[in-house]
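Asker: Data: input-v2.txt, compact mmCIF, C-alpha atoms.
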```txt
# COMPACT_ATOMS: atom_id res chain seq x y z
CA MET K 24 -45.75 50.44 -35.48
CA PRO K 25 -43.15 51.53 -32.92
CA MET K 26 -43.47 50.59 -29.26
CA TYR K 27 -43.53 53.86 -27.33
CA GLN K 28 -41.90 54.26 -23.95
CA PRO K 29 -44.28 56.09 -21.59
CA SER K 30 -42.89 59.02 -19.66
CA THR K 31 -42.21 58.48 -15.95
CA ARG K 32 -43.30 61.98 -15.01
CA ARG K 33 -46.00 60.90 -12.59
CA GLU K 34 -46.85 64.41 -11.41
CA ALA K 35 -47.76 65.46 -14.96
CA ASP K 36 -49.84 62.32 -15.43
CA MET K 37 -51.74 62.93 -12.20
CA LYS K 38 -52.59 66.45 -13.29
CA LEU K 39 -53.88 65.17 -16.60
CA ASP K 40 -55.88 62.45 -14.87
CA SER K 41 -57.64 65.18 -12.92
CA GLN K 42 -58.91 66.60 -16.25
CA VAL K 43 -57.08 69.92 -16.68
CA LEU K 44 -59.30 71.75 -19.13
CA ASP K 45 -57.30 74.86 -19.98
CA LEU K 46 -54.62 73.96 -22.52
CA GLU K 47 -52.41 77.01 -22.10
CA THR K 48 -52.38 76.55 -18.32
CA ALA K 49 -51.49 72.90 -18.82
CA VAL K 50 -48.48 73.87 -20.92
CA LYS K 51 -47.31 76.49 -18.44
CA ASP K 52 -47.58 73.95 -15.63
CA GLY K 53 -45.29 71.61 -17.55
CA ILE K 54 -47.90 68.93 -18.19
CA LEU K 55 -47.23 68.88 -21.91
CA GLY K 56 -43.51 68.98 -21.43
CA GLY K 57 -43.07 71.71 -24.03
CA GLY K 58 -40.92 73.93 -21.90
CA CYS K 59 -41.86 76.96 -24.01
CA GLY K 60 -44.89 78.08 -22.01
CA VAL K 61 -47.05 78.89 -25.04
CA ILE K 62 -48.76 76.65 -27.56
CA PRO K 63 -49.97 77.47 -31.06
CA THR K 64 -53.62 78.51 -31.02
CA ASP K 65 -54.36 78.06 -34.72
CA PHE K 66 -53.28 74.53 -35.62
CA SER K 67 -55.24 74.51 -38.88
CA SER K 68 -52.95 77.22 -40.28
CA GLU K 69 -49.99 74.89 -39.74
CA LYS K 70 -51.76 72.06 -41.55
CA LEU K 71 -50.35 69.60 -39.02
CA ASP K 72 -51.44 65.98 -39.21
CA LEU K 73 -51.42 64.12 -35.88
CA LYS K 74 -50.75 60.73 -37.46
CA LEU K 75 -47.76 62.10 -39.38
CA MET K 76 -46.39 63.86 -36.30
CA ILE K 77 -46.65 60.65 -34.26
CA GLU K 78 -44.79 58.72 -36.96
CA GLU K 79 -41.99 61.30 -37.23
CA LEU K 80 -41.63 61.54 -33.46
CA GLU K 81 -41.57 57.78 -32.90
CA PHE K 82 -38.52 57.85 -30.61
CA VAL K 83 -39.78 60.64 -28.36
CA ASP K 84 -40.66 59.80 -24.74
CA VAL K 85 -44.46 60.14 -24.66
CA PRO K 86 -46.45 60.89 -21.44
CA THR K 87 -48.22 57.79 -20.12
CA VAL K 88 -51.65 59.41 -20.25
CA PHE K 89 -51.38 59.75 -24.05
CA ILE K 90 -50.78 56.00 -24.51
CA CYS K 91 -53.61 53.59 -25.30
CA PRO K 92 -53.50 50.72 -22.75
CA ILE K 93 -54.43 48.24 -25.48
CA SER K 94 -51.91 49.05 -28.24
CA LEU K 95 -49.34 50.89 -26.07
CA GLU K 96 -49.18 53.55 -28.81
CA PRO K 97 -50.17 57.23 -28.71
CA MET K 98 -53.90 57.85 -29.12
CA GLN K 99 -55.27 59.92 -32.01
CA ASP K 100 -58.99 59.58 -31.29
CA PRO K 101 -59.31 58.89 -27.54
CA VAL K 102 -62.68 57.77 -26.15
CA THR K 103 -63.70 57.17 -22.54
CA LEU K 104 -65.76 54.24 -21.18
CA CYS K 105 -68.27 54.34 -18.36
CA THR K 106 -65.49 53.12 -16.04
CA GLY K 107 -63.54 56.33 -16.67
CA GLN K 108 -60.77 54.57 -18.59
CA THR K 109 -59.70 56.03 -21.95
CA TYR K 110 -58.66 54.10 -25.08
CA GLU K 111 -58.01 54.68 -28.78
CA ARG K 112 -61.41 54.41 -30.49
CA SER K 113 -60.41 51.79 -33.07
CA ASN K 114 -58.78 49.60 -30.42
CA ILE K 115 -61.70 49.54 -27.99
CA LEU K 116 -64.22 48.96 -30.80
CA LYS K 117 -62.15 46.00 -31.95
CA TRP K 118 -62.17 44.75 -28.35
CA PHE K 119 -65.99 44.94 -28.34
CA SER K 120 -66.19 43.21 -31.74
CA LEU K 121 -64.56 40.16 -30.19
CA GLY K 122 -67.49 39.87 -27.75
CA ARG K 123 -65.62 41.34 -24.81
CA TYR K 124 -67.84 43.77 -22.90
CA THR K 125 -65.41 44.51 -20.12
CA CYS K 126 -62.96 47.31 -19.44
CA PRO K 127 -59.53 46.04 -20.65
CA THR K 128 -57.69 47.81 -17.84
CA THR K 129 -59.90 47.04 -14.83
CA MET K 130 -61.71 43.98 -16.30
CA GLN K 131 -64.98 45.39 -14.90
CA GLU K 132 -68.15 44.42 -16.70
CA LEU K 133 -69.57 47.46 -18.53
CA TRP K 134 -73.03 48.63 -17.55
CA ASP K 135 -72.95 50.91 -20.60
CA ASP K 136 -71.06 50.00 -23.79
CA SER K 137 -71.20 53.49 -25.29
CA VAL K 138 -67.96 55.46 -25.80
CA THR K 139 -67.56 59.19 -25.22
CA PRO K 140 -65.02 61.21 -27.27
CA ASN K 141 -62.41 62.70 -24.93
CA LYS K 142 -61.95 66.03 -26.72
CA THR K 143 -59.88 67.57 -23.93
CA LEU K 144 -57.32 64.77 -24.02
CA GLN K 145 -57.32 64.80 -27.83
CA GLN K 146 -56.49 68.52 -27.80
CA LEU K 147 -53.73 67.95 -25.24
CA ILE K 148 -52.23 65.17 -27.37
CA PHE K 149 -52.39 67.33 -30.48
CA SER K 150 -50.86 70.30 -28.65
CA TRP K 151 -48.05 68.23 -27.16
CA PHE K 152 -47.09 66.57 -30.45
CA SER K 153 -47.41 69.89 -32.32
CA GLN K 154 -44.89 71.53 -30.02
CA LYS K 155 -42.45 68.66 -30.32
CA TYR K 156 -42.89 68.46 -34.07
CA LEU K 157 -42.43 72.19 -34.70
CA ALA K 158 -39.40 72.26 -32.41
CA MET K 159 -37.92 69.31 -34.34
CA LYS K 160 -38.54 71.11 -37.64
CA LYS K 161 -36.85 74.23 -36.30
CA ARG K 162 -33.82 72.22 -35.21
CA SER K 163 -33.65 70.56 -38.64
CA GLU K 164 -33.70 73.95 -40.35
CA ASP K 165 -30.94 75.15 -38.04
CA VAL K 166 -28.85 72.04 -38.78
CA GLN K 167 -29.32 72.42 -42.53
CA GLY K 168 -28.32 76.06 -42.39
CA ARG K 169 -25.22 75.31 -40.34
CA VAL K 170 -24.14 72.52 -42.70
CA LYS K 171 -24.40 74.88 -45.68
CA GLU K 172 -22.33 77.48 -43.82
CA ILE K 173 -19.61 74.94 -43.04
CA LEU K 174 -19.47 73.73 -46.65
CA GLU K 175 -19.05 77.30 -47.88
CA ASN K 176 -16.42 77.89 -45.23
CA LEU K 177 -14.44 74.83 -46.32
CA LYS K 178 -13.97 76.35 -49.76
CA LYS K 179 -12.04 79.24 -48.23
CA VAL K 180 -10.27 78.24 -45.02
CA LYS K 181 -7.00 76.35 -44.60
CA GLY K 182 -4.81 75.02 -41.82
CA GLN K 183 -6.26 74.71 -38.34
CA ALA K 184 -9.44 76.55 -39.36
CA ARG K 185 -10.12 73.80 -41.92
CA VAL K 186 -9.56 71.12 -39.29
CA GLN K 187 -12.05 72.82 -36.94
CA ALA K 188 -14.65 73.20 -39.69
CA LEU K 189 -14.34 69.53 -40.65
CA LYS K 190 -14.51 68.48 -37.01
CA GLU K 191 -17.75 70.40 -36.53
CA LEU K 192 -19.18 68.94 -39.73
CA ARG K 193 -18.28 65.42 -38.59
CA GLN K 194 -20.04 65.95 -35.27
CA VAL K 195 -23.15 67.39 -36.95
CA VAL K 196 -23.30 64.57 -39.51
CA GLN K 197 -22.95 61.94 -36.79
CA ALA K 198 -25.73 63.51 -34.71
CA HIS K 199 -28.33 64.43 -37.36
CA GLY K 200 -29.63 62.38 -40.26
CA ILE K 201 -30.81 65.55 -42.00
CA ALA K 202 -27.21 66.80 -42.04
CA LYS K 203 -26.11 63.86 -44.20
CA LYS K 204 -28.83 64.62 -46.72
CA THR K 205 -27.87 68.30 -46.75
CA VAL K 206 -24.21 67.50 -47.42
CA VAL K 207 -25.14 65.29 -50.37
CA GLU K 208 -27.69 67.71 -51.85
CA ASN K 209 -25.27 70.63 -51.73
CA GLY K 210 -22.33 68.89 -53.42
CA GLY K 211 -20.51 68.43 -50.16
CA VAL K 212 -19.32 64.87 -50.78
CA GLY K 213 -17.19 65.87 -53.77
CA LEU K 214 -15.87 68.93 -51.95
CA ILE K 215 -14.89 66.94 -48.88
CA SER K 216 -13.27 64.07 -50.81
CA SER K 217 -11.25 66.62 -52.83
CA LEU K 218 -9.52 67.63 -49.59
CA LEU K 219 -7.71 64.27 -49.54
CA GLY K 220 -4.46 64.31 -51.47
CA PRO K 221 -0.71 63.68 -51.31
CA TYR K 222 -0.09 66.91 -49.37
CA THR K 223 -3.04 66.61 -46.96
CA THR K 224 -2.04 66.70 -43.31
CA HIS K 225 -3.11 63.80 -41.12
CA ALA K 226 -5.19 66.19 -38.99
CA VAL K 227 -7.27 67.21 -42.01
CA GLY K 228 -7.31 63.69 -43.45
CA SER K 229 -8.60 62.17 -40.21
CA GLU K 230 -11.53 64.58 -40.09
CA VAL K 231 -12.32 64.12 -43.80
CA ILE K 232 -12.44 60.35 -43.32
CA GLY K 233 -14.60 60.83 -40.21
CA VAL K 234 -17.14 62.73 -42.33
CA LEU K 235 -17.06 60.47 -45.40
CA VAL K 236 -17.60 57.27 -43.43
CA ASN K 237 -21.00 58.62 -42.32
CA LEU K 238 -22.21 59.36 -45.86
CA ASN K 239 -23.60 57.27 -48.72
CA LEU K 240 -20.94 57.36 -51.43
CA ILE K 241 -21.82 56.99 -55.11
CA SER K 242 -19.60 55.09 -57.54
CA ASN K 243 -17.67 58.06 -59.00
CA ILE K 244 -16.76 59.29 -55.50
CA LYS K 245 -15.59 55.78 -54.60
CA SER K 246 -13.46 55.64 -57.74
CA ASP K 247 -11.93 59.01 -56.85
CA LEU K 248 -11.10 57.89 -53.31
CA LEU K 249 -9.50 54.69 -54.61
CA GLN K 250 -6.79 56.65 -56.41
CA PRO K 251 -3.31 55.51 -55.23
CA ALA K 252 -2.41 58.85 -53.62
CA LYS K 253 -5.61 58.97 -51.58
CA MET K 254 -5.43 55.29 -50.60
CA SER K 255 -1.82 55.76 -49.52
CA LEU K 256 -2.84 58.65 -47.27
CA MET K 257 -5.70 56.61 -45.76
CA VAL K 258 -3.36 53.71 -45.02
CA ASP K 259 -0.82 56.05 -43.38
CA ILE K 260 -3.57 57.55 -41.22
CA LEU K 261 -4.79 54.04 -40.35
CA ASN K 262 -1.34 53.13 -39.06
CA GLU K 263 -0.69 56.35 -37.13
CA GLY K 264 -4.06 57.72 -36.00
CA SER K 265 -6.09 57.33 -32.83
CA PHE K 266 -8.32 54.30 -32.35
CA GLU K 267 -11.37 56.21 -33.63
CA THR K 268 -9.42 57.28 -36.72
CA LYS K 269 -8.19 53.73 -37.35
CA LEU K 270 -11.76 52.46 -37.11
CA ASN K 271 -13.06 55.14 -39.48
CA CYS K 272 -10.30 54.37 -42.01
CA THR K 273 -11.12 50.66 -41.88
CA ARG K 274 -14.83 51.26 -42.34
CA LEU K 275 -14.28 53.70 -45.20
CA ILE K 276 -11.97 51.31 -47.07
CA THR K 277 -14.55 48.55 -46.54
CA MET K 278 -17.23 50.83 -48.03
CA LEU K 279 -15.01 51.55 -51.05
CA MET K 280 -14.56 47.86 -51.76
CA GLU K 281 -18.23 46.91 -51.64
CA GLY K 282 -19.22 45.53 -55.04
CA ASN K 283 -15.65 45.86 -56.41
CA ASP K 284 -14.00 42.45 -56.16
CA PHE K 285 -11.03 43.46 -58.28
CA VAL K 286 -10.22 46.45 -56.06
CA SER K 287 -9.12 44.53 -52.97
CA GLU K 288 -6.13 42.99 -54.74
CA ASN K 289 -4.93 46.40 -55.90
CA VAL K 290 -5.25 48.25 -52.60
CA ALA K 291 -3.96 45.50 -50.29
CA SER K 292 -0.52 46.95 -49.58
CA LEU K 293 1.70 45.49 -46.89
CA SER K 294 1.14 48.65 -44.82
CA LEU K 295 -2.64 48.16 -44.97
CA LEU K 296 -2.36 44.51 -43.93
CA VAL K 297 -0.07 45.41 -41.02
CA GLY K 298 -2.38 48.24 -39.91
CA LEU K 299 -5.46 46.01 -39.96
CA LEU K 300 -3.62 43.28 -38.06
CA ARG K 301 -2.69 45.78 -35.36
CA LEU K 302 -6.30 46.96 -35.13
CA ALA K 303 -7.55 43.36 -34.86
CA LYS K 304 -5.09 42.61 -32.05
CA ASP K 305 -6.33 45.50 -29.88
CA LYS K 306 -8.76 43.53 -27.71
CA LYS K 307 -9.59 46.59 -25.63
CA HIS K 308 -11.85 47.66 -28.53
CA GLN K 309 -14.01 44.76 -29.73
CA ASN K 310 -15.58 46.83 -32.52
CA GLY K 311 -12.07 47.46 -33.87
CA VAL K 312 -11.24 43.75 -33.73
CA LEU K 313 -14.36 42.93 -35.74
CA ALA K 314 -13.83 45.72 -38.29
CA GLY K 315 -10.18 44.78 -38.85
CA LEU K 316 -10.85 41.06 -39.26
CA SER K 317 -13.83 41.70 -41.56
CA LEU K 318 -11.76 43.80 -43.96
CA LEU K 319 -8.90 41.27 -43.85
CA LYS K 320 -11.42 38.60 -44.88
CA VAL K 321 -12.34 40.66 -47.96
CA LEU K 322 -8.70 41.33 -48.85
CA CYS K 323 -7.60 37.72 -48.44
CA SER K 324 -10.12 36.49 -51.01
CA HIS K 325 -7.21 36.92 -53.46
CA GLU K 326 -4.37 34.39 -53.32
CA GLN K 327 -1.73 37.04 -54.01
CA VAL K 328 -2.87 38.94 -50.93
CA ARG K 329 -2.69 35.75 -48.86
CA ASN K 330 0.99 35.37 -49.71
CA SER K 331 1.65 38.94 -48.58
CA PHE K 332 -0.40 38.38 -45.43
CA VAL K 333 1.71 35.35 -44.49
CA ASN K 334 4.89 37.34 -45.20
CA VAL K 335 3.97 40.02 -42.64
CA GLY K 336 3.75 37.33 -39.94
CA ALA K 337 -0.03 37.06 -39.83
CA VAL K 338 -0.30 33.36 -38.92
CA PRO K 339 1.30 33.37 -35.43
CA GLN K 340 -0.40 36.68 -34.59
CA LEU K 341 -3.84 35.34 -35.55
CA VAL K 342 -3.24 32.12 -33.63
CA GLU K 343 -2.25 34.07 -30.51
CA LEU K 344 -5.32 36.27 -30.93
CA MET K 345 -7.86 33.41 -30.67
CA PRO K 346 -8.20 32.92 -26.88
CA GLY K 347 -10.88 35.19 -25.43
CA LEU K 348 -12.52 36.23 -28.70
CA ASN K 349 -16.29 36.14 -29.12
CA ASN K 350 -17.73 33.65 -31.62
CA GLU K 351 -18.14 36.20 -34.42
CA CYS K 352 -14.50 37.30 -34.29
CA LEU K 353 -13.31 33.74 -33.70
CA GLU K 354 -15.02 32.55 -36.88
CA LEU K 355 -13.28 35.30 -38.84
CA VAL K 356 -9.86 34.33 -37.46
CA LEU K 357 -10.43 30.65 -38.27
CA TYR K 358 -11.74 31.58 -41.72
CA LEU K 359 -8.54 33.54 -42.40
CA LEU K 360 -6.32 30.72 -41.12
CA GLU K 361 -8.17 28.21 -43.29
CA LEU K 362 -7.64 30.44 -46.33
CA LEU K 363 -3.94 30.66 -45.51
CA SER K 364 -3.74 26.89 -45.06
CA ASN K 365 -4.60 26.52 -48.76
CA ILE K 366 -1.25 27.98 -49.86
CA PRO K 367 2.16 26.32 -49.18
CA GLU K 368 3.54 29.31 -47.25
CA GLY K 369 0.46 29.34 -45.05
CA ARG K 370 0.63 25.61 -44.27
CA LEU K 371 4.30 25.92 -43.33
CA ALA K 372 3.60 28.92 -41.08
CA LEU K 373 0.76 27.05 -39.36
CA LYS K 374 2.96 24.02 -38.78
CA ASP K 375 5.84 26.09 -37.44
CA CYS K 376 3.70 28.05 -34.98
CA PRO K 377 3.84 26.13 -31.67
CA LEU K 378 0.39 27.37 -30.55
CA THR K 379 -1.52 26.41 -33.71
CA ILE K 380 -2.46 22.87 -32.76
CA PRO K 381 -3.23 23.36 -29.03
CA ASN K 382 -5.26 26.55 -29.64
CA VAL K 383 -7.25 25.09 -32.53
CA VAL K 384 -7.89 21.74 -30.78
CA LYS K 385 -9.40 23.60 -27.79
CA LEU K 386 -12.02 25.12 -30.07
CA LEU K 387 -13.52 21.81 -31.20
CA MET K 388 -17.10 21.56 -29.84
CA LYS K 389 -16.42 24.62 -27.68
CA ALA K 390 -17.64 27.52 -29.84
CA SER K 391 -20.09 27.51 -32.75
CA GLU K 392 -20.54 24.67 -35.26
CA ASN K 393 -18.92 26.88 -37.90
CA CYS K 394 -15.87 27.26 -35.66
CA THR K 395 -15.67 23.50 -35.24
CA GLN K 396 -15.90 22.98 -39.00
CA LEU K 397 -13.14 25.52 -39.73
CA ALA K 398 -10.94 24.14 -36.93
CA LEU K 399 -11.29 20.59 -38.28
CA SER K 400 -10.34 21.77 -41.76
CA ILE K 401 -7.20 23.53 -40.48
CA LEU K 402 -6.11 20.55 -38.37
CA TYR K 403 -6.67 18.11 -41.25
CA VAL K 404 -4.55 20.20 -43.62
CA ILE K 405 -1.57 20.59 -41.31
CA CYS K 406 -1.69 16.98 -40.07
CA LYS K 407 -1.71 15.81 -43.67
CA PHE K 408 1.09 18.27 -44.51
CA ALA K 409 3.38 16.95 -41.73
CA PRO K 410 1.75 13.80 -40.30
CA GLU K 411 4.60 12.48 -38.18
CA GLU K 412 5.19 15.79 -36.39
CA CYS K 413 1.69 17.28 -36.25
CA ALA K 414 -0.34 14.12 -35.57
CA SER K 415 1.67 13.43 -32.43
CA LEU K 416 1.28 17.01 -31.20
CA ALA K 417 -2.45 16.94 -31.93
CA LEU K 418 -2.95 13.71 -29.97
CA ASP K 419 -0.97 15.11 -27.05
CA ALA K 420 -3.27 18.17 -27.12
CA GLY K 421 -6.33 15.92 -26.63
CA LEU K 422 -7.50 15.75 -30.25
CA ALA K 423 -8.73 12.15 -30.11
CA ALA K 424 -11.25 12.73 -27.32
CA LYS K 425 -12.52 15.87 -29.09
CA LEU K 426 -12.94 14.02 -32.39
CA LEU K 427 -14.84 11.20 -30.71
CA LEU K 428 -17.07 13.80 -29.09
CA VAL K 429 -17.84 15.29 -32.52
CA ILE K 430 -18.53 11.84 -33.99
CA GLN K 431 -20.93 10.96 -31.18
CA SER K 432 -22.70 14.34 -31.15
CA GLY K 433 -25.77 15.38 -33.08
CA CYS K 434 -23.90 17.87 -35.26
CA ASN K 435 -23.59 18.03 -39.05
CA PRO K 436 -22.80 14.64 -40.73
CA VAL K 437 -20.07 16.37 -42.75
CA LEU K 438 -18.29 17.28 -39.50
CA LYS K 439 -18.57 13.70 -38.28
CA GLN K 440 -17.09 12.41 -41.54
CA ARG K 441 -14.20 14.90 -41.41
CA SER K 442 -13.56 13.98 -37.75
CA ALA K 443 -13.39 10.28 -38.64
CA GLU K 444 -10.98 11.03 -41.49
CA LEU K 445 -8.75 13.13 -39.21
CA LEU K 446 -8.77 10.43 -36.52
CA LYS K 447 -7.74 7.85 -39.12
CA LEU K 448 -5.02 10.15 -40.46
CA CYS K 449 -3.54 10.58 -36.97
CA SER K 450 -3.50 6.80 -36.39
CA LEU K 451 -1.58 5.83 -39.54
CA ASN K 452 1.88 5.97 -37.97
CA TYR K 453 0.98 3.90 -34.89
CA THR K 454 -0.10 0.41 -33.99
CA THR K 455 -3.54 0.16 -32.44
CA THR K 456 -2.16 -0.31 -28.92
CA ILE K 457 0.27 2.59 -29.15
CA PHE K 458 -2.34 4.83 -30.76
CA ILE K 459 -4.87 4.16 -27.97
CA SER K 460 -2.23 4.85 -25.34
CA LYS K 461 -1.25 8.10 -27.12
CA CYS K 462 -4.86 9.21 -27.10
CA ASN K 463 -5.00 9.17 -23.30
CA LEU K 464 -8.57 7.81 -23.42
CA THR K 465 -10.41 6.29 -20.48
CA ARG K 466 -11.11 2.55 -20.55
CA THR K 467 -14.79 3.24 -21.26
CA ILE K 468 -14.00 5.33 -24.35
CA GLN K 469 -11.42 2.75 -25.52
```
Render the structure in this file as structure tokens.
Answerer:
Amino acid sequence: MPMYQPSTRREADMKLDSQVLDLETAVKDGILGGGCGVIPTDFSSEKLDLKLMIEELEFVDVPTVFICPISLEPMQDPVTLCTGQTYERSNILKWFSLGRYTCPTTMQELWDDSVTPNKTLQQLIFSWFSQKYLAMKKRSEDVQGRVKEILENLKKVKGQARVQALKELRQVVQAHGIAKKTVVENGGVGLISSLLGPYTTHAVGSEVIGVLVNLNLISNIKSDLLQPAKMSLMVDILNEGSFETKLNCTRLITMLMEGNDFVSENVASLSLLVGLLRLAKDKKHQNGVLAGLSLLKVLCSHEQVRNSFVNVGAVPQLVELMPGLNNECLELVLYLLELLSNIPEGRLALKDCPLTIPNVVKLLMKASENCTQLALSILYVICKFAPEECASLALDAGLAAKLLLVIQSGCNPVLKQRSAELLKLCSLNYTTTIFISKCNLTRTIQ
């Protein structure tokens, strides 16, 4: 059950605590928060169920006086004790069944354990939730009607009028869950996706993508959107649009690839890789960094894509990106670099980047255990690839002390083993004395 947040309107609560008996007066005075001044008088004709209304209005700010002090949830059958405190019937009876004959709020011993139904409060609760519920239903009907109007309008309008209609639809879909359902039920997904094509302007395309990314897409719609002409337009918009548009493009392409492993290899053009790399490098927008890196991870599951990724200069850009990233994004960067280290072009690019070794060494035992594991794997590969050059640079960057720290820590035994292997690999070209001096270790550690 949801945890309700009581309203802070103390004046309304005080009025209710003084037992306002006339419901219509209570509404007019603002106690029920309806704002409409009049409440329905024949609730039975509406066939409203209080439990259902409470469930559907779970995120509404509920007045404190309607909340049971035991469960902190709205009361449906409030009863009052001899102390004057009111509780949900089932909750207070459960309290008594545990042998507790005190008032839960005041902890006073009860001189009378009978409970009295609080009909006035029950009517107020029912009235308040009825107003909120009926208002919500009215808004939903209005939203559904407006969505249908926009969909019909999109079949006829062009140019700037189409852009404005799509913009309004995007805003409605983002704000109302019922709008998404209405779009789907009225064939809107197919209509909207059909607006993407080789001659679609970026203004229209950006709004179409902004709508589609908020909808649940079925397989035939995904297949349609994965057509080369539509993918090419999405990639162009990704490279040239605003940050919000770039993010929407990235999320939509990610949605299209879910459950289609073969697709990523076909859609991973150089322009897409470059666009995602630019998005990932924009640290002003952390959600964009995460979205870009996540899609790159999917794309780079194919070796052919990895070669292309290296060719667009990904390695030095990813290495430079590492400082200042949160652990989630950092793991993605290291995961990508480890993937690239498995191909010859990637290993060479890692070796040639002057920041690879110092930036990766700094991460050992500094971020998550996953980061340490990925960093060790990258360092081992490049030190093995060019031991004379890379081992010396790694030792100068403080690798030995970090590896000893991993070995002596309580982390995964696999990490300790890999650290020992890397330490041995770095020592192969030196005598023991020279190696210890290169490590810059204290006498105690030596």
Asker: When distances are computed from only C-alpha atoms, which of K:Ser432, K:Ser364, K:Thr143, K:Thr277 shows the smallest separation from K:Leu402?
Answerer: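 The closest residue to K:Leu402 is K:Ser364.
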Asker: Please determine the residues with any atom at most 9 Å from (0.8, 18.3, -33.0) (coordinates as given in the file, with all atoms listed in the file counting) and report them as a ChimeraX atom specification.
Answerer: /K:374,377,379-381,405-406,410-420
Asker: Dig up all the protein and nucleic acid residues within 12 Å of (-32.9, 71.5, -44.7) in the file frame, using all atoms listed in the file, and format them as a PDB file with C-alpha atoms, in the coordinates of the input.
Answerer:
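After the write, out_16.pdb holds the following:
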```pdb
ATOM      1  CA  MET K 159     -37.920  69.310 -34.340  1.00  0.00           C
ATOM      2  CA  LYS K 160     -38.540  71.110 -37.640  1.00  0.00           C
ATOM      3  CA  LYS K 161     -36.850  74.230 -36.300  1.00  0.00           C
ATOM      4  CA  ARG K 162     -33.820  72.220 -35.210  1.00  0.00           C
ATOM      5  CA  SER K 163     -33.650  70.560 -38.640  1.00  0.00           C
ATOM      6  CA  GLU K 164     -33.700  73.950 -40.350  1.00  0.00           C
ATOM      7  CA  ASP K 165     -30.940  75.150 -38.040  1.00  0.00           C
ATOM      8  CA  VAL K 166     -28.850  72.040 -38.780  1.00  0.00           C
ATOM      9  CA  GLN K 167     -29.320  72.420 -42.530  1.00  0.00           C
ATOM     10  CA  GLY K 168     -28.320  76.060 -42.390  1.00  0.00           C
ATOM     11  CA  ARG K 169     -25.220  75.310 -40.340  1.00  0.00           C
ATOM     12  CA  VAL K 170     -24.140  72.520 -42.700  1.00  0.00           C
ATOM     13  CA  LYS K 171     -24.400  74.880 -45.680  1.00  0.00           C
ATOM     14  CA  HIS K 199     -28.330  64.430 -37.360  1.00  0.00           C
ATOM     15  CA  GLY K 200     -29.630  62.380 -40.260  1.00  0.00           C
ATOM     16  CA  ILE K 201     -30.810  65.550 -42.000  1.00  0.00           C
ATOM     17  CA  ALA K 202     -27.210  66.800 -42.040  1.00  0.00           C
ATOM     18  CA  LYS K 203     -26.110  63.860 -44.200  1.00  0.00           C
ATOM     19  CA  LYS K 204     -28.830  64.620 -46.720  1.00  0.00           C
ATOM     20  CA  THR K 205     -27.870  68.300 -46.750  1.00  0.00           C
ATOM     21  CA  VAL K 206     -24.210  67.500 -47.420  1.00  0.00           C
ATOM     22  CA  VAL K 207     -25.140  65.290 -50.370  1.00  0.00           C
ATOM     23  CA  GLU K 208     -27.690  67.710 -51.850  1.00  0.00           C
ATOM     24  CA  ASN K 209     -25.270  70.630 -51.730  1.00  0.00           C
TER      25      ASN K 209
END
```
Asker: From the set K:Ala252, K:Leu357, K:Ala409, K:Leu387, which residue has the shortest atom-to-atom contact distance to K:Cys449, counting only C-alpha atoms?
Answerer: K:Ala409
Asker: Could you give me, as a list of chain:residue names, the residues within 9 Å of K:His225, counting all atoms listed in the file and dropping anything in the same chain fewer than 4 positions from it?
Answerer: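 Once the nearby chain positions are removed, what remains is K:Ser229, K:Glu230, K:Leu256, K:Met257, K:Asp259, K:Ile260, K:Glu263, K:Gly264.
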Asker: Could those residues be written to a file, using C-alpha atoms, as a PDB file, keeping the file's coordinate frame?
Answerer:
```
ATOM      1  CA  SER K 229      -8.600  62.170 -40.210  1.00  0.00           C
ATOM      2  CA  GLU K 230     -11.530  64.580 -40.090  1.00  0.00           C
ATOM      3  CA  LEU K 256      -2.840  58.650 -47.270  1.00  0.00           C
ATOM      4  CA  MET K 257      -5.700  56.610 -45.760  1.00  0.00           C
ATOM      5  CA  ASP K 259      -0.820  56.050 -43.380  1.00  0.00           C
ATOM      6  CA  ILE K 260      -3.570  57.550 -41.220  1.00  0.00           C
ATOM      7  CA  GLU K 263      -0.690  56.350 -37.130  1.00  0.00           C
ATOM      8  CA  GLY K 264      -4.060  57.720 -36.000  1.00  0.00           C
TER       9      GLY K 264
END
```
Asker: Would you mind listing, for every residue of stretch 234-307 of chain K within 10 Å of stretch 339-351 of chain K, the two atoms forming the shortest contact and the distance between them in Å to one decimal, using all atoms listed in the file, sorted by chain and ascending residue number, as CSV?
Answerer:
```
residue,atom,partner,partner_atom,distance
K:Leu300,CA,K:Gln340,CA,8.1
K:Arg301,CA,K:Gln340,CA,9.4
K:Ala303,CA,K:Leu344,CA,8.4
K:Lys304,CA,K:Leu344,CA,6.4
K:Asp305,CA,K:Leu344,CA,9.3
K:Lys306,CA,K:Leu348,CA,8.3
```
Asker: Would you work out the distance separating atom CA of K:Gln99 from atom CA of K:Tyr124, expressed in Å to one decimal?
Answerer: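 Going from atom CA of K:Gln99 over to atom CA of K:Tyr124 covers 22.4 Å.
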Asker: I'd like the interatomic distance between atom CA of K:Gly433 and atom CA of K:Leu445, to a tenth of an Å.
Answerer: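 Separation of atom CA of K:Gly433 and atom CA of K:Leu445: 18.2 Å.
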Asker: Find the distance between atom CA of K:Asp100 and atom CA of K:Pro127 and write it in Å to one decimal.
Answerer: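 Result for atom CA of K:Asp100 versus atom CA of K:Pro127: 17.2 Å, one decimal.
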Asker: Go through K:Val212, K:Ala372, K:Ala423, K:Met76 and flag the residue nearest K:Asn243, using only C-alpha atoms for the distances.
Answerer: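 Checking each candidate against K:Asn243, we get K:Val212 as the closest.
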Asker: Taking only C-alpha atoms into account, name the residue in K:Leu192, K:Val383, K:Ala337, K:Val102 that is nearest to K:Phe89.
Answerer: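 Result for the nearest residue to K:Phe89: K:Val102.
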